[in-house]
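Asker: Here it is: the structure, laid out below.
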Amino acid sequence: MLKRRIIPCLDVKNGRVVKGVAFLNHRDAGDPVELAAAYDAAGADELVFYDITASSDDRAIMIDVVERTAAQVFIPLTVGGGIRSSEDMYRMLRAGADKISVNTAAVLNPQIIEDGAKRFGSQCIVLSIDARRRQEDAARSPQASALAPEARWDVFTHTGANARATGLDAIAWARRGVELGAGEIVINSMDADGTKAGFDLALLRAVSAAVSVPVIASGGAGSLEHMRAGLIEGHADAVLAASIFHFGEYSVRDVKQYLAEHGVPVRLG
Amino acid sequence: MSIQSSIAVVDYGAGNLPNVVRALRSVGGDLTVTADPDVVRRARAVVFPGVGATRDTMDSLHRLGLVEALREVADDGRPVLGICVGMQVLLETSEEFGPHECLGILGGAVRALPAEQKVPQIGWNQLELNEAGRAHPLFRGIENGSDVYFVHSYYCDLADARLIAATTDYTIHFPSALVRENLTAVQFHPEKSGRCGLHLLGNFVHWTQTCT
C-alpha cells in the first residue's frame, strides 16, 4: 500500500537554516546538510529546501547546499524559492534536487510549469499555492466551516505583510497547474498558517477532488491529530511541516507512530 | 575485446543520472559514466537509469547509437540494472504518448497505471518479493515488505510472469522488480529509497565484483 508522506521543510537563507533548532547530538543547527541528514535518519519521507535568500547573487550558495545534501542524503529532495526559468530548474536538478517547487513565478508566468514539465517531466514540477478564504467566508474559522461546500479561496503571491491577491481561484489554479504539467500540488492555507489550529480541511478536500495528482497539505498543523486529520479528512497524500519539527515539539518518528496507531499507512523503520 | 573493471552508468540524458551516480559511489561503486556504446559493451556491468517518458528515452538511445549495445549486454550474461524508465524500455512496446517500440529485450508492453488512484504514483510503497526475488543476489538482506520510493505513471506488463521478482500494490499488483539471470530491473528509485535503496545498490556493486 502507498504510504502517506511526512515532509519536513527547511527555510534556507544564505546557506543557513532559518528557525532551525538543534537536534540532539548535532553540532550545527543552522547547517541544512546536517539537518537534512538528521531528518533522514529520523524517518522523513522527503525533504524540502525553501530558499529565502533575497539576492539572486547568493543563489550559488544554495546550489552548493543542494550538492552537499545530495551526496549524503538519499531520499527525495525538493528545492523551491527564486526559481524563475527552466534554466534555474536545470541547475538545481543537476546539483541533486529531484523536484522543483514553483509558486509566485508560476502565477506571474504559468509557462514555466509547462517548460519545466516538458524538459524534465511532470514528476519534477511541484506547484505550490498560497490560498486564503474569500472575505465573505473569512468570518468563519477554517475549522468551523470545514464542511462549507460554497467556500472559495483566492490565490496570493508572497505571504505575510507583502501578500498580494492575484484574482485567481485556488481550485481553478490547481487544476490549471496540473493541465500545464505540475506533478504535485502543495496547498498552503494562509488562514491556518501559523495558527497551530489545524489544516483548512475543506480547502484540502476541494483541491484533492479537483486534481488527479498528489496533494500535499501545508500550513496550520500544531498537533499530531492535525496531521492525521489532514491526511484522512483532508484527503492529502502528504503533509509538509516546518516549525512543528524544528522546535522539537514532535519528531518525525512521533508523528509516524501516532499515524500508524490511528490506521494511517506510513513508512516506519 | 577486454572487459573493463568498472560499472558503466549509461548517460543518455536521464534526469536522475547524477543522483544514481552519487548513490552508487556512496556504496563503493567504481563507475564509468558514459554515452559511448563501445564503453558500454566493454563494461563489467551496466546500470541503466531513467526517469520521464519511454518515447524520449528511446529517441535518445537511437540518437546515441546505444540500442544495439544495450541489447547485447542484456543478453550476454553481464549484470545489468535498469531503473524506472530503464526497466520499462526493456519491453517490446509502450503505449505512453501513442504506441511505439522499445528495446524488445523482454516480452510485454508498458501500460498506464489504472486511474482509480492518483496518477502518477508518488511515494513509498511496499516490495512484495517472490521466491525468484528472494533468491537473487540483488535482494540479499532486503526484507519482504520493505518500502521503496516510486514515481511513475506507467508499469511493465510482462509477457512472462516468471520474470517477476517483486510486485507492488497500487490498484493492481504490478511488477516492481524483474530478474532474468543477470538482467535485473526495478520500477522504483533505489537512489532515492533511503537505506533500503542503498542496500540494494550495494548488493549490485558487490554482485558485479563476485560474478565473472
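Order determines the names: the first chain of the C-alpha cells is A, the second B, and so forth; residues in each chain are numbered 1 upward, and ligands are numbered 1 upward as they are shown.
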Running DSSP on the backbone, which parts of stretch 16-259 of chain A land in helix (DSSP H, G or I), as an MDAnalysis selection string?
Answerer: chainID A and resid 32:41 56:70 86:95 104:108 111:120 122:124 135:138 160:162 170:180 201:210 224:232 243:246 252:259
Asker: Given only C-alpha atoms, how would the per-residue table for chain A near chain B read, listing every residue at most 9 Å away with its closest atom pair and distance in Å to one decimal, sorted by chain and number, as a Markdown table?
Answerer:
| residue | atom | partner | partner_atom | distance |
| --- | --- | --- | --- | --- |
| A:Met1 | CA | B:Asn125 | CA | 5.6 |
| A:Leu2 | CA | B:Asn125 | CA | 4.5 |
| A:Lys3 | CA | B:Trp124 | CA | 5.5 |
| A:Arg4 | CA | B:Gly123 | CA | 7.6 |
| A:Arg5 | CA | B:Gly123 | CA | 7.0 |
| A:Asp40 | CA | B:Gly194 | CA | 7.8 |
| A:Asp45 | CA | B:Trp124 | CA | 7.7 |
| A:Glu46 | CA | B:Gly123 | CA | 8.9 |
| A:Ala70 | CA | B:Asn19 | CA | 7.1 |
| A:Ala71 | CA | B:Arg22 | CA | 5.9 |
| A:Gln72 | CA | B:Ser26 | CA | 7.8 |
| A:Val73 | CA | B:Gly194 | CA | 7.6 |
| A:Phe74 | CA | B:Lys192 | CA | 4.9 |
| A:Ile75 | CA | B:Lys192 | CA | 4.4 |
| A:Pro76 | CA | B:Lys192 | CA | 5.7 |
| A:Leu77 | CA | B:Lys192 | CA | 8.9 |
| A:Leu93 | CA | B:Gly15 | CA | 7.6 |
| A:Arg94 | CA | B:Pro18 | CA | 6.7 |
| A:Ala95 | CA | B:Pro18 | CA | 7.9 |
| A:Gly96 | CA | B:Asn19 | CA | 6.1 |
| A:Ala97 | CA | B:Asn19 | CA | 8.5 |
| A:Asp98 | CA | B:Asn16 | CA | 7.5 |
| A:Phe120 | CA | B:Gly15 | CA | 6.6 |
| A:Gly121 | CA | B:Gly52 | CA | 5.2 |
| A:Ser122 | CA | B:Gly52 | CA | 7.9 |
| A:Gln123 | CA | B:Val151 | CA | 6.9 |
| A:Gly183 | CA | B:Pro120 | CA | 7.3 |
| A:Glu184 | CA | B:Ile122 | CA | 8.8 |
| A:Val211 | CA | B:Lys118 | CA | 8.7 |
| A:Ser212 | CA | B:Lys118 | CA | 5.5 |
| A:Val213 | CA | B:Lys118 | CA | 5.4 |
| A:Pro214 | CA | B:Lys118 | CA | 6.2 |
| A:Asp237 | CA | B:Gly123 | CA | 9.0 |
| A:Val266 | CA | B:Trp124 | CA | 8.5 |
| A:Arg267 | CA | B:Asp147 | CA | 6.6 |
| A:Leu268 | CA | B:Asp147 | CA | 8.6 |
Asker: Taking only C-alpha atoms into account, which of B:Thr34, B:Asn144, B:Asn130, B:Gln187 comes nearest B:Ala165?
Answerer: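 Using only C-alpha atoms, the shortest distance to B:Ala165 belongs to B:Asn130.
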Asker: Please measure the separation of atom CA of B:Glu95 and atom CA of B:Phe174, giving the value in Å to one decimal.
Answerer: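 Going from atom CA of B:Glu95 over to atom CA of B:Phe174 covers 16.0 Å.
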Asker: Hey, can you check how far atom CA of B:Leu106 sits from atom CA of B:Leu31?
Answerer: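 Those two atoms sit 26.0 Å apart.
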Asker: Could you go through stretch 166-266 of chain A and tell me which residues DSSP, when run on the backbone, assigns to strand (DSSP E or B), listing them as number ranges by chain?
Answerer: A: 166-169, 184-189, 215-218, 238-241
Asker: Emit the selected residues as a CSV table (one decimal), in the first residue's frame, including N, CA, C and O atoms.
Answerer:
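Output contents, as saved in result.csv:
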chain,number,residue,atom,x,y,z
A,166,THR,N,-4.1,37.6,-6.4
A,166,THR,CA,-3.9,37.5,-7.8
A,166,THR,C,-5.1,37.5,-8.7
A,166,THR,O,-5.1,37.6,-9.9
A,167,GLY,N,-6.3,37.4,-8.0
A,167,GLY,CA,-7.5,37.3,-8.7
A,167,GLY,C,-7.8,35.9,-9.2
A,167,GLY,O,-8.8,35.6,-9.8
A,168,LEU,N,-6.9,34.9,-8.9
A,168,LEU,CA,-7.1,33.5,-9.3
A,168,LEU,C,-7.9,32.8,-8.2
A,168,LEU,O,-7.6,33.0,-7.0
A,169,ASP,N,-8.7,31.9,-8.6
A,169,ASP,CA,-9.4,31.0,-7.7
A,169,ASP,C,-8.4,29.8,-7.5
A,169,ASP,O,-7.9,29.2,-8.4
A,184,GLU,N,2.7,17.5,-8.8
A,184,GLU,CA,2.1,17.5,-7.4
A,184,GLU,C,1.7,18.9,-7.1
A,184,GLU,O,2.2,19.9,-7.6
A,185,ILE,N,0.8,19.0,-6.1
A,185,ILE,CA,0.3,20.4,-5.7
A,185,ILE,C,0.6,20.5,-4.2
A,185,ILE,O,0.1,19.6,-3.4
A,186,VAL,N,1.3,21.5,-3.7
A,186,VAL,CA,1.3,21.9,-2.3
A,186,VAL,C,0.3,23.0,-2.1
A,186,VAL,O,0.3,24.0,-2.8
A,187,ILE,N,-0.6,22.8,-1.1
A,187,ILE,CA,-1.6,23.8,-0.8
A,187,ILE,C,-1.4,24.3,0.6
A,187,ILE,O,-1.4,23.6,1.6
A,188,ASN,N,-1.1,25.6,0.6
A,188,ASN,CA,-0.8,26.2,1.9
A,188,ASN,C,-2.0,27.2,2.3
A,188,ASN,O,-2.2,28.2,1.5
A,189,SER,N,-2.7,26.9,3.4
A,189,SER,CA,-3.7,27.8,3.8
A,189,SER,C,-3.1,29.0,4.6
A,189,SER,O,-2.5,28.8,5.6
A,215,VAL,N,-1.6,15.6,-3.6
A,215,VAL,CA,-1.8,16.9,-2.9
A,215,VAL,C,-1.1,16.9,-1.6
A,215,VAL,O,-1.2,15.9,-0.8
A,216,ILE,N,-0.3,17.9,-1.3
A,216,ILE,CA,0.5,18.0,-0.1
A,216,ILE,C,-0.1,19.1,0.7
A,216,ILE,O,-0.1,20.3,0.3
A,217,ALA,N,-0.4,18.8,2.0
A,217,ALA,CA,-1.0,19.8,2.9
A,217,ALA,C,0.1,20.6,3.6
A,217,ALA,O,1.1,20.1,4.0
A,218,SER,N,-0.1,21.9,3.7
A,218,SER,CA,0.8,22.8,4.4
A,218,SER,C,0.1,23.9,5.1
A,218,SER,O,-0.9,24.4,4.6
A,238,ALA,N,0.2,13.8,1.5
A,238,ALA,CA,1.4,14.1,2.3
A,238,ALA,C,1.2,15.4,3.1
A,238,ALA,O,0.3,16.2,2.8
A,239,VAL,N,2.0,15.5,4.2
A,239,VAL,CA,2.0,16.8,4.9
A,239,VAL,C,3.4,17.4,5.0
A,239,VAL,O,4.3,16.7,5.2
A,240,LEU,N,3.4,18.7,4.7
A,240,LEU,CA,4.6,19.4,4.8
A,240,LEU,C,4.6,20.2,6.1
A,240,LEU,O,3.6,20.8,6.4
A,241,ALA,N,5.7,20.1,6.8
A,241,ALA,CA,5.7,20.9,8.1
A,241,ALA,C,7.0,21.4,8.4
A,241,ALA,O,8.1,20.8,8.0
Asker: Which neighbours of B:Cys156 fall inside 8 Å, counting only C-alpha atoms, when residues of the same chain fewer than 6 positions from it are skipped, and could you give them as a list of chain:residue names?
Answerer: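 What passes the distance filter is B:Met87, B:Gln88, B:Leu91, B:Gly108, B:Ala109, B:Val110, B:Arg111, B:Phe174, B:Pro175.
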Asker: At a cut-off of 8 Å, using only C-alpha atoms, what residues contact stretch 97-102 of chain B? Leave out same-chain residues fewer than 5 positions from it and give the result as a list in words.
Answerer: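 Skipping anything fewer than 5 positions along the chain leaves Thr54, Arg55, Met58, Val89, Leu90, Leu91 and Glu92 of chain B.
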Asker: Quick one: residues within 7 Å of A:Gly80, only C-alpha atoms, excluding same-chain residues fewer than 3 positions away - as a PyMOL selection string?
Answerer: chain A and resi 49-51+83+100-102
Asker: Please provide as a list in words all residues within 9 Å of A:Asp115, with the sequence filter that same-chain residues fewer than 2 positions apart are discarded (counting only C-alpha atoms).
Answerer: Ser85, Ser86, Gln111, Ile112, Ile113, Ala117, Lys118, Arg119, Phe120, Leu180 and Gly181 of chain A
Asker: Please indicate the distance in Å from atom CA of A:Asp31 to atom CA of A:Tyr250, rounded to one decimal place.
Answerer: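 Here the two named atoms are 20.0 Å from each other.
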Asker: Can you tell me which residues surround A:Gly230 at a distance of at most 9 Å, considering only C-alpha atoms, apart from same-chain residues fewer than 4 positions away, and format the answer as a ChimeraX atom specification?
Answerer: /A:198-201,204-205,217,221,225-226,234-239
